[in-house]
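Below is the file target-v9.cif, which contains mmCIF, C-alpha atoms and all ligand atoms.
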```cif
data_query
loop_
_atom_site.group_PDB
_atom_site.id
_atom_site.type_symbol
_atom_site.label_atom_id
_atom_site.label_comp_id
_atom_site.auth_asym_id
_atom_site.auth_seq_id
_atom_site.Cartn_x
_atom_site.Cartn_y
_atom_site.Cartn_z
ATOM 1 C CA MET A 1 -73.790 34.430 66.693
ATOM 2 C CA ALA A 2 -74.264 31.807 63.977
ATOM 3 C CA GLY A 3 -73.681 34.552 61.409
ATOM 4 C CA LEU A 4 -70.527 35.682 63.179
ATOM 5 C CA SER A 5 -69.048 32.217 63.328
ATOM 6 C CA VAL A 6 -69.178 31.659 59.553
ATOM 7 C CA LEU A 7 -67.210 34.817 58.758
ATOM 8 C CA PRO A 8 -63.482 34.471 58.033
ATOM 9 C CA ASP A 9 -61.378 35.545 61.027
ATOM 10 C CA ARG A 10 -59.816 38.444 59.166
ATOM 11 C CA LEU A 11 -63.201 39.870 58.149
ATOM 12 C CA LYS A 12 -64.569 39.367 61.654
ATOM 13 C CA ARG A 13 -61.691 41.372 63.079
ATOM 14 C CA SER A 14 -62.206 44.213 60.662
ATOM 15 C CA ILE A 15 -65.926 44.392 61.454
ATOM 16 C CA PHE A 16 -65.974 44.051 65.205
ATOM 17 C CA SER A 17 -62.689 45.398 66.258
ATOM 18 C CA PHE A 18 -63.701 48.778 65.035
ATOM 19 C CA THR A 19 -61.760 48.508 67.757
ATOM 20 C CA TRP A 20 -60.557 49.681 71.004
ATOM 21 C CA GLU A 21 -57.071 50.184 69.484
ATOM 22 C CA ALA A 22 -58.387 52.998 67.327
ATOM 23 C CA ILE A 23 -60.003 55.045 70.060
ATOM 24 C CA ARG A 24 -57.956 54.291 73.129
ATOM 25 C CA HIS A 25 -55.795 56.838 74.868
ATOM 26 C CA ARG A 26 -52.178 55.977 74.460
ATOM 27 C CA GLY A 27 -49.223 56.660 76.664
ATOM 28 C CA GLU A 28 -50.737 56.578 80.156
ATOM 29 C CA LYS A 29 -49.547 53.789 82.375
ATOM 30 C CA VAL A 30 -52.327 51.467 83.518
ATOM 31 C CA ASP A 31 -52.655 51.116 87.290
ATOM 32 C CA TRP A 32 -53.298 47.365 87.413
ATOM 33 C CA VAL A 33 -53.318 47.275 91.227
ATOM 34 C CA SER A 34 -56.396 49.517 91.302
ATOM 35 C CA LEU A 35 -58.052 47.697 88.411
ATOM 36 C CA VAL A 36 -57.663 44.292 89.989
ATOM 37 C CA TRP A 37 -58.087 44.938 93.705
ATOM 38 C CA PHE A 38 -60.986 47.405 93.484
ATOM 39 C CA LYS A 39 -63.476 47.708 96.344
ATOM 40 C CA GLY A 40 -66.008 44.905 96.012
ATOM 41 C CA HIS A 41 -63.857 42.604 93.867
ATOM 42 C CA THR A 42 -64.635 38.892 93.838
ATOM 43 C CA PRO A 43 -61.545 37.372 95.523
ATOM 44 C CA LYS A 44 -61.008 34.313 93.298
ATOM 45 C CA HIS A 45 -61.596 36.347 90.121
ATOM 46 C CA ALA A 46 -59.268 39.142 91.267
ATOM 47 C CA PHE A 47 -56.502 36.721 92.257
ATOM 48 C CA HIS A 48 -56.772 34.950 88.898
ATOM 49 C CA MET A 49 -56.708 38.314 87.104
ATOM 50 C CA TRP A 50 -53.627 39.348 89.035
ATOM 51 C CA VAL A 51 -51.738 36.200 88.053
ATOM 52 C CA THR A 52 -52.904 36.649 84.453
ATOM 53 C CA GLN A 53 -51.836 40.282 84.388
ATOM 54 C CA GLN A 54 -48.365 39.173 85.523
ATOM 55 C CA ASP A 55 -48.415 36.606 82.684
ATOM 56 C CA ARG A 56 -47.716 33.853 85.182
ATOM 57 C CA LEU A 57 -50.385 31.369 84.099
ATOM 58 C CA PRO A 58 -49.006 28.076 82.776
ATOM 59 C CA THR A 59 -50.242 28.557 79.217
ATOM 60 C CA ARG A 60 -49.057 25.918 76.756
ATOM 61 C CA ALA A 61 -46.784 28.414 74.973
ATOM 62 C CA ARG A 62 -45.028 29.107 78.298
ATOM 63 C CA LEU A 63 -44.806 25.417 79.158
ATOM 64 C CA ALA A 64 -43.349 24.695 75.709
ATOM 65 C CA THR A 65 -40.477 27.117 76.345
ATOM 66 C CA TRP A 66 -39.443 24.870 79.245
ATOM 67 C CA ASP A 67 -40.181 21.568 77.515
ATOM 68 C CA PRO A 68 -40.131 21.537 73.690
ATOM 69 C CA CYS A 69 -42.075 18.240 73.678
ATOM 70 C CA ILE A 70 -45.185 20.046 74.926
ATOM 71 C CA ASP A 71 -47.710 20.956 72.245
ATOM 72 C CA ALA A 72 -48.045 24.769 72.405
ATOM 73 C CA SER A 73 -51.344 24.981 70.533
ATOM 74 C CA CYS A 74 -54.351 26.643 72.141
ATOM 75 C CA LEU A 75 -56.708 24.310 73.994
ATOM 76 C CA LEU A 76 -59.722 26.383 72.983
ATOM 77 C CA CYS A 77 -59.193 26.639 69.221
ATOM 78 C CA ASP A 78 -56.214 24.375 68.478
ATOM 79 C CA GLY A 79 -55.165 26.961 65.906
ATOM 80 C CA CYS A 80 -52.483 29.193 67.430
ATOM 81 C CA ALA A 81 -49.792 29.147 70.083
ATOM 82 C CA GLU A 82 -51.468 29.442 73.460
ATOM 83 C CA THR A 83 -49.989 32.655 74.823
ATOM 84 C CA ARG A 84 -51.861 34.725 77.401
ATOM 85 C CA ASP A 85 -52.910 37.348 74.874
ATOM 86 C CA HIS A 86 -54.067 34.745 72.364
ATOM 87 C CA LEU A 87 -55.963 32.673 74.925
ATOM 88 C CA PHE A 88 -57.875 35.519 76.529
ATOM 89 C CA LEU A 89 -58.112 38.131 73.787
ATOM 90 C CA ARG A 90 -57.426 36.907 70.275
ATOM 91 C CA CYS A 91 -58.631 33.293 70.268
ATOM 92 C CA SER A 92 -61.692 32.916 68.011
ATOM 93 C CA PHE A 93 -63.627 31.372 70.922
ATOM 94 C CA SER A 94 -62.652 34.159 73.338
ATOM 95 C CA GLU A 95 -63.505 36.809 70.745
ATOM 96 C CA GLN A 96 -67.041 35.448 70.543
ATOM 97 C CA VAL A 97 -67.320 35.606 74.337
ATOM 98 C CA TRP A 98 -66.049 39.228 74.422
ATOM 99 C CA HIS A 99 -68.487 40.060 71.649
ATOM 100 C CA LEU A 100 -71.357 38.921 73.895
ATOM 101 C CA VAL A 101 -69.961 40.417 77.108
ATOM 102 C CA THR A 102 -69.256 43.891 75.691
ATOM 103 C CA LYS A 103 -72.764 43.956 74.199
ATOM 104 C CA ARG A 104 -74.188 43.156 77.651
ATOM 105 C CA LEU A 105 -72.195 46.116 79.003
ATOM 106 C CA SER A 106 -73.902 48.383 76.413
ATOM 107 C CA TYR A 107 -70.825 48.799 74.200
ATOM 108 C CA ARG A 108 -70.533 48.185 70.504
ATOM 109 C CA PRO A 109 -69.014 44.714 70.230
ATOM 110 C CA THR A 110 -65.386 45.312 71.103
ATOM 111 C CA LEU A 111 -62.248 43.222 70.760
ATOM 112 C CA PHE A 112 -58.814 43.752 72.255
ATOM 113 C CA HIS A 113 -55.798 42.742 70.225
ATOM 114 C CA THR A 114 -53.246 43.362 72.956
ATOM 115 C CA TRP A 115 -53.111 43.203 76.724
ATOM 116 C CA THR A 116 -52.206 46.903 76.718
ATOM 117 C CA ALA A 117 -55.392 47.775 74.813
ATOM 118 C CA PHE A 118 -57.396 45.636 77.235
ATOM 119 C CA GLY A 119 -55.861 47.489 80.198
ATOM 120 C CA ASP A 120 -56.576 50.841 78.574
ATOM 121 C CA TRP A 121 -60.226 49.870 78.078
ATOM 122 C CA LEU A 122 -60.492 48.797 81.712
ATOM 123 C CA SER A 123 -58.919 51.981 82.997
ATOM 124 C CA SER A 124 -60.895 54.366 80.812
ATOM 125 C CA SER A 125 -64.016 56.065 82.108
ATOM 126 C CA ASP A 126 -67.118 56.773 80.068
ATOM 127 C CA SER A 127 -70.840 57.208 80.477
ATOM 128 C CA THR A 128 -71.695 53.895 78.779
ATOM 129 C CA CYS A 129 -70.977 51.540 81.659
ATOM 130 C CA PRO A 130 -69.912 52.067 85.301
ATOM 131 C CA THR A 131 -66.254 51.106 85.774
ATOM 132 C CA THR A 132 -67.090 48.782 88.675
ATOM 133 C CA LEU A 133 -69.371 46.689 86.443
ATOM 134 C CA ARG A 134 -66.780 46.666 83.647
ATOM 135 C CA TRP A 135 -64.084 45.456 86.059
ATOM 136 C CA LEU A 136 -66.412 42.855 87.604
ATOM 137 C CA ALA A 137 -67.401 41.507 84.178
ATOM 138 C CA ALA A 138 -63.845 41.547 82.798
ATOM 139 C CA GLN A 139 -62.413 39.600 85.737
ATOM 140 C CA ALA A 140 -65.252 37.081 85.624
ATOM 141 C CA THR A 141 -64.778 36.667 81.842
ATOM 142 C CA ILE A 142 -61.046 35.987 82.135
ATOM 143 C CA TYR A 143 -61.770 33.517 84.953
ATOM 144 C CA GLN A 144 -64.482 31.688 82.991
ATOM 145 C CA LEU A 145 -62.322 31.410 79.879
ATOM 146 C CA SER A 146 -59.628 29.837 82.019
ATOM 147 C CA ALA A 147 -62.149 27.460 83.590
ATOM 148 C CA GLU A 148 -63.467 26.530 80.138
ATOM 149 C CA ARG A 149 -59.948 25.733 78.987
ATOM 150 C CA ILE A 150 -59.197 23.544 81.985
ATOM 151 C CA ASN A 151 -62.497 21.806 82.593
ATOM 152 C CA ASN A 152 -63.802 21.226 79.141
ATOM 153 C CA HIS A 153 -60.722 20.864 77.001
ATOM 154 C CA LEU A 154 -57.885 19.620 79.191
ATOM 155 C CA HIS A 155 -60.098 16.944 80.702
ATOM 156 C CA ASN A 156 -61.711 16.125 77.351
ATOM 157 C CA THR A 157 -65.278 16.688 78.421
ATOM 158 C CA THR A 158 -67.936 18.437 76.365
ATOM 159 C CA SER A 159 -66.962 21.945 75.338
ATOM 160 C CA SER A 160 -69.213 24.901 76.033
ATOM 161 C CA THR A 161 -70.500 27.484 73.608
ATOM 162 C CA PRO A 162 -69.819 31.222 73.981
ATOM 163 C CA GLN A 163 -73.498 31.640 74.925
ATOM 164 C CA LYS A 164 -73.147 29.044 77.689
ATOM 165 C CA ILE A 165 -70.107 30.955 79.014
ATOM 166 C CA LEU A 166 -72.183 34.143 78.995
ATOM 167 C CA ASN A 167 -74.966 32.372 80.891
ATOM 168 C CA ASP A 168 -72.474 31.262 83.555
ATOM 169 C CA LEU A 169 -71.041 34.780 83.697
ATOM 170 C CA ASP A 170 -74.518 36.208 84.067
ATOM 171 C CA ARG A 171 -75.092 34.103 87.174
ATOM 172 C CA LEU A 172 -71.704 35.005 88.672
ATOM 173 C CA ILE A 173 -72.140 38.722 88.081
ATOM 174 C CA ARG A 174 -75.710 38.826 89.402
ATOM 175 C CA ASN A 175 -74.533 37.043 92.564
ATOM 176 C CA SER A 176 -71.604 39.446 92.993
ATOM 177 C CA ILE A 177 -73.845 42.498 92.609
ATOM 178 C CA LEU A 178 -76.523 41.129 94.953
ATOM 179 C CA ALA A 179 -73.938 40.288 97.626
ATOM 180 C CA ARG A 180 -72.664 43.887 97.544
ATOM 181 C CA LYS A 181 -75.897 45.770 96.902
ATOM 182 C CA LYS A 182 -75.456 47.989 99.959
ATOM 183 C CA ARG A 183 -72.146 49.344 98.691
ATOM 184 C CA ARG A 184 -72.433 52.745 97.056
ATOM 185 C CA LYS A 185 -70.539 51.756 93.901
ATOM 186 C CA PHE A 186 -72.790 48.742 93.319
ATOM 187 C CA ARG A 187 -76.048 50.670 93.325
ATOM 188 C CA GLY A 188 -77.684 50.621 89.898
ATOM 189 C CA LEU A 189 -75.283 48.015 88.489
ATOM 190 C CA MET A 190 -77.959 45.340 88.188
ATOM 191 C CA GLN A 191 -80.099 47.564 85.933
ATOM 192 C CA VAL A 192 -77.137 48.183 83.606
ATOM 193 C CA TRP A 193 -76.222 44.493 83.565
ATOM 194 C CA LEU A 194 -79.793 43.446 82.744
ATOM 195 C CA LYS A 195 -80.425 46.172 80.187
ATOM 196 C CA HIS A 196 -79.401 44.012 77.216
ATOM 197 C CA PHE A 197 -80.304 40.639 78.711
HETATM 198 ZN ZN ZN A 201 -57.251 29.775 70.600
#
```

Would you put the structure from the file into structure tokens?
Ligand SMILES: [Zn+2]
Amino acid sequence: MAGLSVLPDRLKRSIFSFTWEAIRHRGEKVDWVSLVWFKGHTPKHAFHMWVTQQDRLPTRARLATWDPCIDASCLLCDGCAETRDHLFLRCSFSEQVWHLVTKRLSYRPTLFHTWTAFGDWLSSSDSTCPTTLRWLAAQATIYQLSAERINNHLHNTTSSTPQKILNDLDRLIRNSILARKKRRKFRGLMQVWLKHF
């Protein structure tokens, strides 16, 4: 990751976002209800994902539209307006987290430049990673990025590293899989999740 962090943002994008945009299927409407409220979802992660999908989170860019005195810059990178898509998908910090998470799911490091592309990736099916694990990991990632923003930046405490976020995600996902191990769709998920540990 040290090598990744020294690359200019534009070069990083061109390398890693080989990207989902180029290979995704276009034109089909994403069924967000099924993606969010799937059998075995983690309630707090699913609820947070649902609010995020509706773009109802009080990001600083949204708050600034109501009160121009509010600084709209991103609390994670301080470099761009904090919209939903920037915060969770295009922020340099979030990109590093997705880089680690998609590797853990056995994909080539993948980035999502738009919420539509992210939804298409979630709703696609392939033989690389079971959809249930992808949905579990995606919801937990969005949740952890939000928690990082609030806990470590808004309250001015020490900020985490992308690797620390992945470590926290690892614990959350292992716990979710273990708690549902008797469900048919959760069988074998732990092996896939630990494959690139
Ligand atoms: Zn940012």

Using all atoms listed in the file, give me every residue within 10 Å of (-73.0, 31.9, 74.6) in file coordinates, as JSON, numbers by chain. {"A": [1, 96, 97, 99, 100, 101, 160, 161, 162, 163, 164, 165, 166, 167, 168, 169]}

What residues have any atom no more than 6 Å from ligand ZN 201 (chain A) when counting only C-alpha atoms and all ligand atoms, and can you list them as a count of residues only? 8

Once the PyMOL selection byres (((chain A and resi 60) around 9) and not hetatm) is applied to the coordinates I shared, what remains selected? I want it as a PDB file with C-alpha atoms, in the coordinates of the input.
```
ATOM      1  CA  PRO A  58     -49.006  28.076  82.776  1.00  0.00           C
ATOM      2  CA  THR A  59     -50.242  28.557  79.217  1.00  0.00           C
ATOM      3  CA  ALA A  61     -46.784  28.414  74.973  1.00  0.00           C
ATOM      4  CA  ARG A  62     -45.028  29.107  78.298  1.00  0.00           C
ATOM      5  CA  LEU A  63     -44.806  25.417  79.158  1.00  0.00           C
ATOM      6  CA  ALA A  64     -43.349  24.695  75.709  1.00  0.00           C
ATOM      7  CA  THR A  65     -40.477  27.117  76.345  1.00  0.00           C
ATOM      8  CA  ILE A  70     -45.185  20.046  74.926  1.00  0.00           C
ATOM      9  CA  ASP A  71     -47.710  20.956  72.245  1.00  0.00           C
ATOM     10  CA  ALA A  72     -48.045  24.769  72.405  1.00  0.00           C
ATOM     11  CA  SER A  73     -51.344  24.981  70.533  1.00  0.00           C
ATOM     12  CA  CYS A  74     -54.351  26.643  72.141  1.00  0.00           C
ATOM     13  CA  LEU A  75     -56.708  24.310  73.994  1.00  0.00           C
ATOM     14  CA  ALA A  81     -49.792  29.147  70.083  1.00  0.00           C
ATOM     15  CA  GLU A  82     -51.468  29.442  73.460  1.00  0.00           C
ATOM     16  CA  THR A  83     -49.989  32.655  74.823  1.00  0.00           C
TER      17      THR A  83
END
```

Calculated over all atoms listed in the file, which of the candidates A:Trp115, A:Cys69, A:Trp50, A:Arg149 has the smallest distance to A:Phe38? A:Trp50

Nearest to A:Ala117: which of A:Arg187, A:Lys29, A:His41, A:Arg174 is it, counting all atoms listed in the file?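 Of A:Arg187, A:Lys29, A:His41, A:Arg174, the one nearest A:Ala117, counting all atoms listed in the file, is A:Lys29.
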
Tell me, in Å to one decimal, how far atom CA of A:His45 is from atom CA of A:Gln139.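 That distance, rounded to one decimal, is 5.5 Å.
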
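The nearest approach to A:Arg84 among the residues A:Ser34, A:Thr132, A:Ser106, A:Gln54, with all atoms listed in the file taken into account, belongs to A:Gln54.
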
Of the residues A:Trp98, A:Trp32, A:Phe112, A:Trp193, which is the one nearest to A:Leu133, using only C-alpha atoms?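 Under the stated criterion, the closest residue is A:Trp193.
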
How big is the axis-aligned box around all listed atoms of stretch 158-162 of chain A once 6 Å goes on each side, and where's its centre, in Å to one decimal, as lines of an AutoDock Vina configuration file?
```
center_x = -68.7
center_y = 24.8
center_z = 75.0
size_x = 15.5
size_y = 24.8
size_z = 14.8
```

In Å to one decimal, how far is atom CA of A:Leu57 from atom CA of A:Ile142?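 Here the two named atoms are 11.8 Å from each other.
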
Which one is closest to A:Thr52: A:Tyr143, A:Asp170, A:Asp67, A:Thr131? Count only C-alpha atoms. A:Tyr143

Which residue of A:Thr114, A:Thr128, A:Ser176, A:Thr102 approaches A:Phe88 most closely, using all atoms listed in the file: A:Thr114

Return as a list in words the set of residues that the PyMOL selection byres (((chain A and resi 191) around 12) and not hetatm) yields on the displayed structure.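 The output of the PyMOL selection byres (((chain A and resi 191) around 12) and not hetatm) on this file is Arg104, Leu105, Ser106, Cys129, Pro130, Leu133, Arg174, Ile177, Leu178, Lys181, Phe186, Arg187, Gly188, Leu189, Met190, Val192, Trp193, Leu194, Lys195, His196 and Phe197 of chain A.
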
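Straight-line separation from atom CA of A:His155 to atom CA of A:Ala140: 21.4 Å.
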
Report as a PyMOL selection string all protein, DNA and RNA residues lying within 8 Å of stretch 134-136 of chain A, evaluated on all atoms listed in the file, omitting residues in the same chain fewer than 6 positions from it. chain A and resi 35-36+41-42+105+122+173
